[in-house]
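start16.txt follows; it contains compact mmCIF, C-alpha atoms and all ligand atoms.
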# COMPACT_ATOMS: atom_id res chain seq x y z
CA MET H 1 -69.15 117.20 50.80
CA THR H 2 -72.68 116.71 52.16
CA LEU H 3 -75.81 116.81 49.98
CA VAL H 4 -76.80 120.21 51.40
CA GLU H 5 -73.34 121.63 50.66
CA SER H 6 -73.57 120.35 47.06
CA ILE H 7 -77.03 121.90 46.64
CA ASN H 8 -75.77 125.20 48.10
CA ARG H 9 -72.84 125.11 45.68
CA ILE H 10 -75.17 124.60 42.71
CA PHE H 11 -77.53 127.38 43.85
CA ARG H 12 -74.59 129.75 44.45
CA LYS H 13 -73.75 129.46 40.75
CA ILE H 14 -77.28 130.33 39.57
CA PRO H 15 -77.48 134.06 38.78
CA THR H 16 -80.63 135.83 40.02
CA GLY H 17 -80.83 138.24 37.02
CA PRO H 18 -82.56 135.78 34.61
CA LEU H 19 -85.12 134.96 37.35
CA TYR H 20 -86.56 138.45 36.90
CA VAL H 21 -87.47 137.45 33.34
CA LEU H 22 -88.33 133.79 34.03
CA GLY H 23 -90.81 134.87 36.72
CA PHE H 24 -93.10 136.34 34.09
CA VAL H 25 -93.20 133.10 32.04
CA PRO H 26 -96.22 131.53 33.83
CA ALA H 27 -98.22 134.77 33.45
CA ALA H 28 -97.28 134.99 29.75
CA VAL H 29 -98.25 131.32 29.22
CA TYR H 30 -101.66 131.86 30.87
CA LEU H 31 -102.21 135.00 28.83
CA TYR H 32 -101.35 133.11 25.63
CA TRP H 33 -103.71 130.26 26.59
CA GLY H 34 -106.38 132.85 27.31
CA ILE H 35 -105.97 134.58 23.94
CA THR H 36 -105.95 131.24 22.09
CA ASN H 37 -109.02 129.89 23.95
CA GLN H 38 -107.18 127.19 25.87
CA LEU H 39 -108.39 128.09 29.36
CA GLY H 40 -111.64 126.12 29.35
CA ALA H 41 -115.24 127.24 29.68
CA ASP H 42 -114.56 130.24 31.95
CA PRO H 43 -111.17 131.64 30.87
CA VAL H 44 -111.41 134.85 32.92
CA ALA H 45 -112.09 133.01 36.20
CA ARG H 46 -109.34 130.50 35.37
CA LEU H 47 -106.77 133.24 34.64
CA GLU H 48 -107.78 135.24 37.73
CA ARG H 49 -107.55 132.19 39.98
CA GLN H 50 -104.25 130.95 38.55
CA LEU H 51 -102.61 134.35 39.05
CA GLY H 52 -103.84 134.43 42.67
CA GLU H 53 -102.54 130.94 43.27
CA TRP H 54 -99.11 131.76 41.83
CA ALA H 55 -98.94 134.80 44.09
CA LEU H 56 -99.72 132.72 47.18
CA GLN H 57 -97.26 129.97 46.23
CA LEU H 58 -94.44 132.47 45.59
CA LEU H 59 -95.13 134.17 48.93
CA ILE H 60 -94.98 130.81 50.73
CA LEU H 61 -91.71 129.95 48.97
CA SER H 62 -90.23 133.29 50.05
CA LEU H 63 -91.16 132.55 53.67
CA LEU H 64 -89.67 129.05 53.46
CA VAL H 65 -86.19 130.48 52.82
CA THR H 66 -85.43 131.29 56.48
CA PRO H 67 -86.60 127.99 58.04
CA LEU H 68 -84.73 126.04 55.34
CA ARG H 69 -81.55 127.91 56.21
CA ASN H 70 -82.04 127.64 59.96
CA ARG H 71 -83.05 123.99 60.09
CA PHE H 72 -81.19 122.46 57.14
CA ASN H 73 -78.39 124.94 56.32
CA LEU H 74 -79.88 125.28 52.85
CA ASN H 75 -78.91 128.75 51.65
CA LEU H 76 -81.52 130.17 49.30
CA ILE H 77 -81.36 133.73 50.64
CA LYS H 78 -80.51 135.25 47.26
CA PHE H 79 -83.79 133.94 45.85
CA ARG H 80 -85.92 135.56 48.57
CA ARG H 81 -86.12 139.01 46.97
CA PRO H 82 -87.13 137.78 43.47
CA LEU H 83 -89.67 135.40 45.05
CA GLY H 84 -91.21 138.20 47.13
CA LEU H 85 -91.23 140.67 44.25
CA PHE H 86 -92.82 138.19 41.88
CA ALA H 87 -95.46 137.36 44.48
CA PHE H 88 -96.32 141.07 44.42
CA TYR H 89 -96.33 141.27 40.60
CA TYR H 90 -98.65 138.26 40.47
CA VAL H 91 -101.02 139.81 43.01
CA VAL H 92 -101.09 142.99 40.90
CA LEU H 93 -101.85 140.90 37.77
CA HIS H 94 -104.51 139.01 39.79
CA LEU H 95 -106.08 142.36 40.75
CA LEU H 96 -105.90 143.62 37.15
CA ALA H 97 -107.61 140.42 35.95
CA TYR H 98 -110.34 141.04 38.54
CA LEU H 99 -110.80 144.75 37.71
CA LEU H 100 -110.40 144.67 33.92
CA LEU H 101 -111.59 141.22 32.83
CA ASP H 102 -113.91 140.00 35.59
CA LYS H 103 -115.61 143.30 36.54
CA GLN H 104 -114.75 145.20 33.35
CA LEU H 105 -114.15 148.30 35.44
CA GLU H 106 -117.77 148.50 36.59
CA TRP H 107 -117.24 150.36 39.84
CA GLU H 108 -120.59 149.63 41.48
CA PRO H 109 -120.08 145.84 41.75
CA ILE H 110 -116.40 146.41 42.62
CA ILE H 111 -117.26 148.71 45.53
CA LYS H 112 -119.99 146.27 46.63
CA ASP H 113 -117.40 143.45 46.63
CA ILE H 114 -114.82 145.50 48.53
CA THR H 115 -117.29 146.53 51.21
CA LYS H 116 -119.47 143.42 51.53
CA ARG H 117 -117.57 140.27 50.58
CA PRO H 118 -115.29 139.08 53.40
CA TYR H 119 -112.88 137.23 51.08
CA ILE H 120 -112.38 140.36 48.95
CA ILE H 121 -111.87 142.53 52.06
CA VAL H 122 -109.20 140.09 53.30
CA GLY H 123 -107.57 140.07 49.82
CA VAL H 124 -107.48 143.87 49.73
CA VAL H 125 -105.87 144.03 53.21
CA ALA H 126 -103.24 141.47 52.11
CA LEU H 127 -102.53 143.42 48.92
CA LEU H 128 -102.22 146.73 50.79
CA ALA H 129 -99.80 145.11 53.25
CA MET H 130 -97.67 143.91 50.32
CA ILE H 131 -97.14 147.42 48.91
CA PRO H 132 -94.61 148.67 51.52
CA LEU H 133 -92.70 145.41 51.20
CA ALA H 134 -92.47 145.71 47.41
CA LEU H 135 -91.48 149.39 47.63
CA THR H 136 -88.68 148.64 50.08
CA SER H 137 -87.30 145.60 48.27
CA ASN H 138 -84.36 147.43 46.74
CA ASN H 139 -80.85 148.16 47.99
CA TRP H 140 -81.45 151.89 48.25
CA MET H 141 -84.45 151.47 50.60
CA ILE H 142 -82.68 148.80 52.64
CA ARG H 143 -79.80 151.25 53.21
CA LYS H 144 -82.19 154.14 53.91
CA LEU H 145 -84.27 152.21 56.46
CA GLY H 146 -81.36 150.35 58.02
CA PRO H 147 -81.40 146.58 58.66
CA VAL H 148 -83.37 146.70 61.94
CA LYS H 149 -86.32 148.76 60.64
CA TRP H 150 -86.26 146.92 57.31
CA ARG H 151 -86.44 143.50 58.98
CA ARG H 152 -89.21 144.72 61.30
CA LEU H 153 -91.24 145.98 58.31
CA HIS H 154 -90.72 142.77 56.35
CA LYS H 155 -92.18 140.70 59.18
CA LEU H 156 -95.48 141.85 57.61
CA ALA H 157 -94.98 138.87 55.28
CA TYR H 158 -96.02 136.67 58.22
CA LEU H 159 -99.39 138.42 58.20
CA ILE H 160 -99.80 138.49 54.42
CA VAL H 161 -99.44 134.72 53.86
CA PRO H 162 -102.20 133.75 56.35
CA LEU H 163 -104.40 136.53 54.92
CA GLY H 164 -103.83 135.19 51.36
CA ALA H 165 -104.67 131.65 52.53
CA ALA H 166 -107.76 132.91 54.43
CA HIS H 167 -108.85 134.85 51.31
CA TYR H 168 -108.80 131.55 49.39
CA LEU H 169 -110.58 129.58 52.13
CA LEU H 170 -113.30 132.23 52.48
CA LEU H 171 -114.14 132.26 48.78
CA VAL H 172 -114.83 128.53 48.50
CA LYS H 173 -118.31 127.34 49.38
CA ALA H 174 -117.46 123.81 50.53
CA TRP H 175 -114.24 122.58 52.19
CA PRO H 176 -111.90 121.53 49.35
CA LEU H 177 -108.44 120.32 50.30
CA GLU H 178 -106.32 122.97 48.54
CA PRO H 179 -107.19 126.10 50.55
CA ILE H 180 -107.06 124.05 53.75
CA VAL H 181 -103.52 122.92 52.86
CA TYR H 182 -102.51 126.57 52.20
CA CYS H 183 -103.94 127.59 55.59
CA LEU H 184 -102.04 124.76 57.33
CA VAL H 185 -98.77 125.71 55.59
CA ALA H 186 -99.34 129.38 56.51
CA ALA H 187 -100.02 128.40 60.14
CA LEU H 188 -96.87 126.25 60.24
CA LEU H 189 -94.68 129.04 58.84
CA VAL H 190 -96.07 131.65 61.24
CA GLY H 191 -95.88 129.16 64.14
CA TYR H 192 -92.26 128.33 63.34
CA ARG H 193 -91.35 132.00 63.16
CA PHE H 194 -93.12 132.73 66.44
CA VAL H 195 -91.32 129.91 68.25
CA THR H 196 -87.96 130.93 66.74
CA LEU H 197 -88.44 134.56 67.73
CA ARG H 198 -89.21 133.55 71.29
CA GLY H 199 -85.89 131.75 71.35
CA ARG H 200 -87.33 128.30 71.91
CA VAL H 201 -85.67 126.96 68.78
CA PHE H 202 -81.94 127.53 68.75
CA ALA H 203 -81.30 127.20 65.04
C1 LIG V 301 -107.36 143.55 45.91
C2 LIG V 301 -107.09 142.33 46.29
C3 LIG V 301 -107.71 141.08 45.74
C4 LIG V 301 -108.85 140.88 45.02
C5 LIG V 301 -109.86 141.91 44.55
C6 LIG V 301 -108.95 139.46 44.76
C7 LIG V 301 -109.98 138.85 44.06
C8 LIG V 301 -110.09 137.50 43.86
C9 LIG V 301 -111.16 136.87 43.13
C10 LIG V 301 -112.36 137.60 42.50
C11 LIG V 301 -110.93 135.54 43.11
C12 LIG V 301 -111.72 134.44 42.39
C13 LIG V 301 -113.01 134.14 43.06
C14 LIG V 301 -113.82 133.18 42.27
O1 LIG V 301 -113.40 132.66 41.26
O2 LIG V 301 -114.94 132.96 42.71
C15 LIG V 301 -109.72 135.31 43.86
C16 LIG V 301 -109.15 134.09 44.09
C17 LIG V 301 -107.93 133.90 44.69
N1 LIG V 301 -107.08 134.88 45.15
FE1 LIG V 301 -107.46 136.86 45.23
N2 LIG V 301 -107.87 138.84 45.31
C18 LIG V 301 -107.09 139.78 45.93
C19 LIG V 301 -105.91 139.58 46.60
C20 LIG V 301 -105.27 138.39 46.70
C21 LIG V 301 -104.00 138.17 47.36
C22 LIG V 301 -103.20 139.26 48.08
C23 LIG V 301 -103.70 136.85 47.21
C24 LIG V 301 -102.48 136.06 47.65
C25 LIG V 301 -101.55 136.47 48.42
C26 LIG V 301 -104.77 136.23 46.49
C27 LIG V 301 -104.84 134.90 46.17
C28 LIG V 301 -105.95 134.27 45.63
C29 LIG V 301 -106.08 132.84 45.50
C30 LIG V 301 -105.04 131.80 45.93
C31 LIG V 301 -107.33 132.60 44.91
C32 LIG V 301 -107.97 131.26 44.59
C33 LIG V 301 -107.30 130.59 43.45
C34 LIG V 301 -107.97 129.29 43.08
O3 LIG V 301 -109.19 129.14 43.22
O4 LIG V 301 -107.25 128.40 42.63
N3 LIG V 301 -105.69 137.19 46.18
N4 LIG V 301 -109.23 136.52 44.29
Would you write out, as structure tokens, the structure that this file holds?
Ligand code: HEM
Amino acid sequence: MTLVESINRIFRKIPTGPLYVLGFVPAAVYLYWGITNQLGADPVARLERQLGEWALQLLILSLLVTPLRNRFNLNLIKFRRPLGLFAFYYVVLHLLAYLLLDKQLEWEPIIKDITKRPYIIVGVVALLAMIPLALTSNNWMIRKLGPVKWRRLHKLAYLIVPLGAAHYLLLVKAWPLEPIVYCLVAALLVGYRFVTLRGRVFA
């Protein structure tokens, strides 16, 4: 048995049910650290940023599933839905941290941000694009839409990841490595998908 086959065998045995609970652990840990003053000098900014970063990382992981299967026969398909759903939950928590803790529901600065700050505008577009994906990530909607329409709709993920990475890059003043790495990873994933769709990679 090859290494990939062994890994697939191990992953096949892992049930996805507990992942729907485990996924909330990082958010709960950050919340606990926040309540117990363990998030440094600016706990709100730290919490807000960490939630955004988790969302982006989970989205990237969900998009990695297909290339890993196509290129390396690694079958992680059953983890794609929880990864995508948790990316959405984390974006919602990120938004709640922004609205409730950062802006304290003061609508004037919020509206100013949404209309004037490019990184917020990009974030809002990414979040809006995630809503139809989250709403259709259940068996009933998959059946209702049919596999062709469902797959077409879920290609939106290839827009959301670059938007999330651009949102991060636009908010930083200098050129730190992290958002640049996210942008490169997003470009690679979209590039791979584009090439595969055009039939140049026979995976
Ligand atoms: C309504 C939509 C959104 C709003 C209002 C929003 C707002 C913000 C704000 C205020 C920050 C922190 C800026 C700062 O500290 O100066 C931030 C950072 C960030 N956001 Fe968002 N965001 C939104 C959507 C998204 C989405 C859809 C993603 C990912 C897919 C995302 C990922 C991130 C990341 C990765 C960071 C930077 C984290 C870090 O510095 O480590 N955000 N966002």
What are the nearest atom pairs, with distances in Å to one decimal, for all residues of chain H that come at most 7 Å from ligand LIG 301 (chain V), using only C-alpha atoms and all ligand atoms, set out by chain and rising residue number as JSON lines?
{"residue": "H:Ala45", "atom": "CA", "partner": "V:LIG301", "partner_atom": "O1", "distance": 5.2}
{"residue": "H:Glu48", "atom": "CA", "partner": "V:LIG301", "partner_atom": "C12", "distance": 6.2}
{"residue": "H:Arg49", "atom": "CA", "partner": "V:LIG301", "partner_atom": "C33", "distance": 3.8}
{"residue": "H:Gln50", "atom": "CA", "partner": "V:LIG301", "partner_atom": "O4", "distance": 5.7}
{"residue": "H:Gly52", "atom": "CA", "partner": "V:LIG301", "partner_atom": "C28", "distance": 3.6}
{"residue": "H:Glu53", "atom": "CA", "partner": "V:LIG301", "partner_atom": "C30", "distance": 3.8}
{"residue": "H:Ala55", "atom": "CA", "partner": "V:LIG301", "partner_atom": "C24", "distance": 5.2}
{"residue": "H:Leu56", "atom": "CA", "partner": "V:LIG301", "partner_atom": "C25", "distance": 4.4}
{"residue": "H:Leu59", "atom": "CA", "partner": "V:LIG301", "partner_atom": "C25", "distance": 6.8}
{"residue": "H:Val91", "atom": "CA", "partner": "V:LIG301", "partner_atom": "C21", "distance": 5.5}
{"residue": "H:His94", "atom": "CA", "partner": "V:LIG301", "partner_atom": "N2", "distance": 6.5}
{"residue": "H:Leu95", "atom": "CA", "partner": "V:LIG301", "partner_atom": "C4", "distance": 5.3}
{"residue": "H:Tyr98", "atom": "CA", "partner": "V:LIG301", "partner_atom": "C10", "distance": 5.6}
{"residue": "H:Ile120", "atom": "CA", "partner": "V:LIG301", "partner_atom": "C5", "distance": 5.3}
{"residue": "H:Gly123", "atom": "CA", "partner": "V:LIG301", "partner_atom": "C19", "distance": 3.7}
{"residue": "H:Val124", "atom": "CA", "partner": "V:LIG301", "partner_atom": "C2", "distance": 3.8}
{"residue": "H:Ala126", "atom": "CA", "partner": "V:LIG301", "partner_atom": "C22", "distance": 4.6}
{"residue": "H:Leu127", "atom": "CA", "partner": "V:LIG301", "partner_atom": "C22", "distance": 4.3}
{"residue": "H:Ile160", "atom": "CA", "partner": "V:LIG301", "partner_atom": "C25", "distance": 6.6}
{"residue": "H:Val161", "atom": "CA", "partner": "V:LIG301", "partner_atom": "C25", "distance": 6.1}
{"residue": "H:Gly164", "atom": "CA", "partner": "V:LIG301", "partner_atom": "C25", "distance": 3.9}
{"residue": "H:Ala165", "atom": "CA", "partner": "V:LIG301", "partner_atom": "C30", "distance": 6.6}
{"residue": "H:His167", "atom": "CA", "partner": "V:LIG301", "partner_atom": "C28", "distance": 6.4}
{"residue": "H:Tyr168", "atom": "CA", "partner": "V:LIG301", "partner_atom": "C31", "distance": 4.8}
{"residue": "H:Leu171", "atom": "CA", "partner": "V:LIG301", "partner_atom": "C13", "distance": 6.1}
May I ask for the distance between atom CA of Val190 of chain H and atom CA of Val122 of chain H, given in Å to one decimal place?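 Going from atom CA of Val190 of chain H over to atom CA of Val122 of chain H covers 17.5 Å.
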Proximity of segment 47-118 of chain H to segment 150-156 of chain H: per-residue shortest pair, 12 Å limit, all atoms listed in the file, as CSV:
residue,atom,partner,partner_atom,distance
H:Leu59,CA,H:Leu156,CA,11.6
H:Ser62,CA,H:His154,CA,11.4
H:Leu63,CA,H:Lys155,CA,9.9
H:Thr66,CA,H:Lys155,CA,11.9
H:Arg80,CA,H:His154,CA,11.6
H:Arg81,CA,H:His154,CA,11.1
H:Gly84,CA,H:His154,CA,10.3
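Put simply, atom CA of Val21 of chain H is 12.1 Å away from atom CA of Leu83 of chain H.
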Please, which residues are within 12 Å of (-79.9, 124.0, 57.6) by the file's coordinates, counting all atoms listed in the file, and could they come as a PyMOL selection string? chain H and resi 2-5+7-8+64-76+202-203
Suppose you want the space between atom CA of Leu61 of chain H and atom CA of Val185 of chain H; what is it in Å? 10.6 Å
Residue neighbourhood Leu99 of chain H, 12 Å, all atoms listed in the file, exclusion window fewer than 4 positions, as a ChimeraX atom specification: /H:44-45,48,92-95,103-111,113-114
For each of H:Pro176, H:Pro147, H:Gly191, H:Pro118, take the minimum atom-to-atom distance to Leu163 of chain H, counting all atoms listed in the file, then give the residue where this is smallest.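 Using all atoms listed in the file, Leu163 of chain H sits closest to H:Pro118.
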Which residue of H:Arg117, H:Pro15, H:Ala166, H:Gln38 approaches Ile180 of chain H most closely, using all atoms listed in the file: H:Ala166
If you take every atom of segment 99-112 of chain H that the file lists and fit an axis-aligned box around them with 4 Å extra on each side, what centre and edge lengths come out in Å to one decimal, as AutoDock Vina command-line options?
--center_x -115.5 --center_y 145.2 --center_z 39.7 --size_x 18.2 --size_y 18.4 --size_z 21.8
Rank H:Leu51, H:Leu197, H:Leu177, H:Leu169 by their smallest atom-to-atom distance to Ala28 of chain H, using only C-alpha atoms, and report the top residue only.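 Looking at the shortest contact to Ala28 of chain H, the residue is H:Leu51.
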Out of H:Val29, H:Leu47, H:Arg143, H:Lys78, which residue has the shortest atom-to-atom distance to Lys13 of chain H when counting all atoms listed in the file?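 The shortest atom-to-atom distance to Lys13 of chain H comes from H:Lys78.
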I'd like to know which of H:Tyr30, H:Ala157, H:Ala186, H:Ile121 is closest to Leu133 of chain H, using only C-alpha atoms. H:Ala157
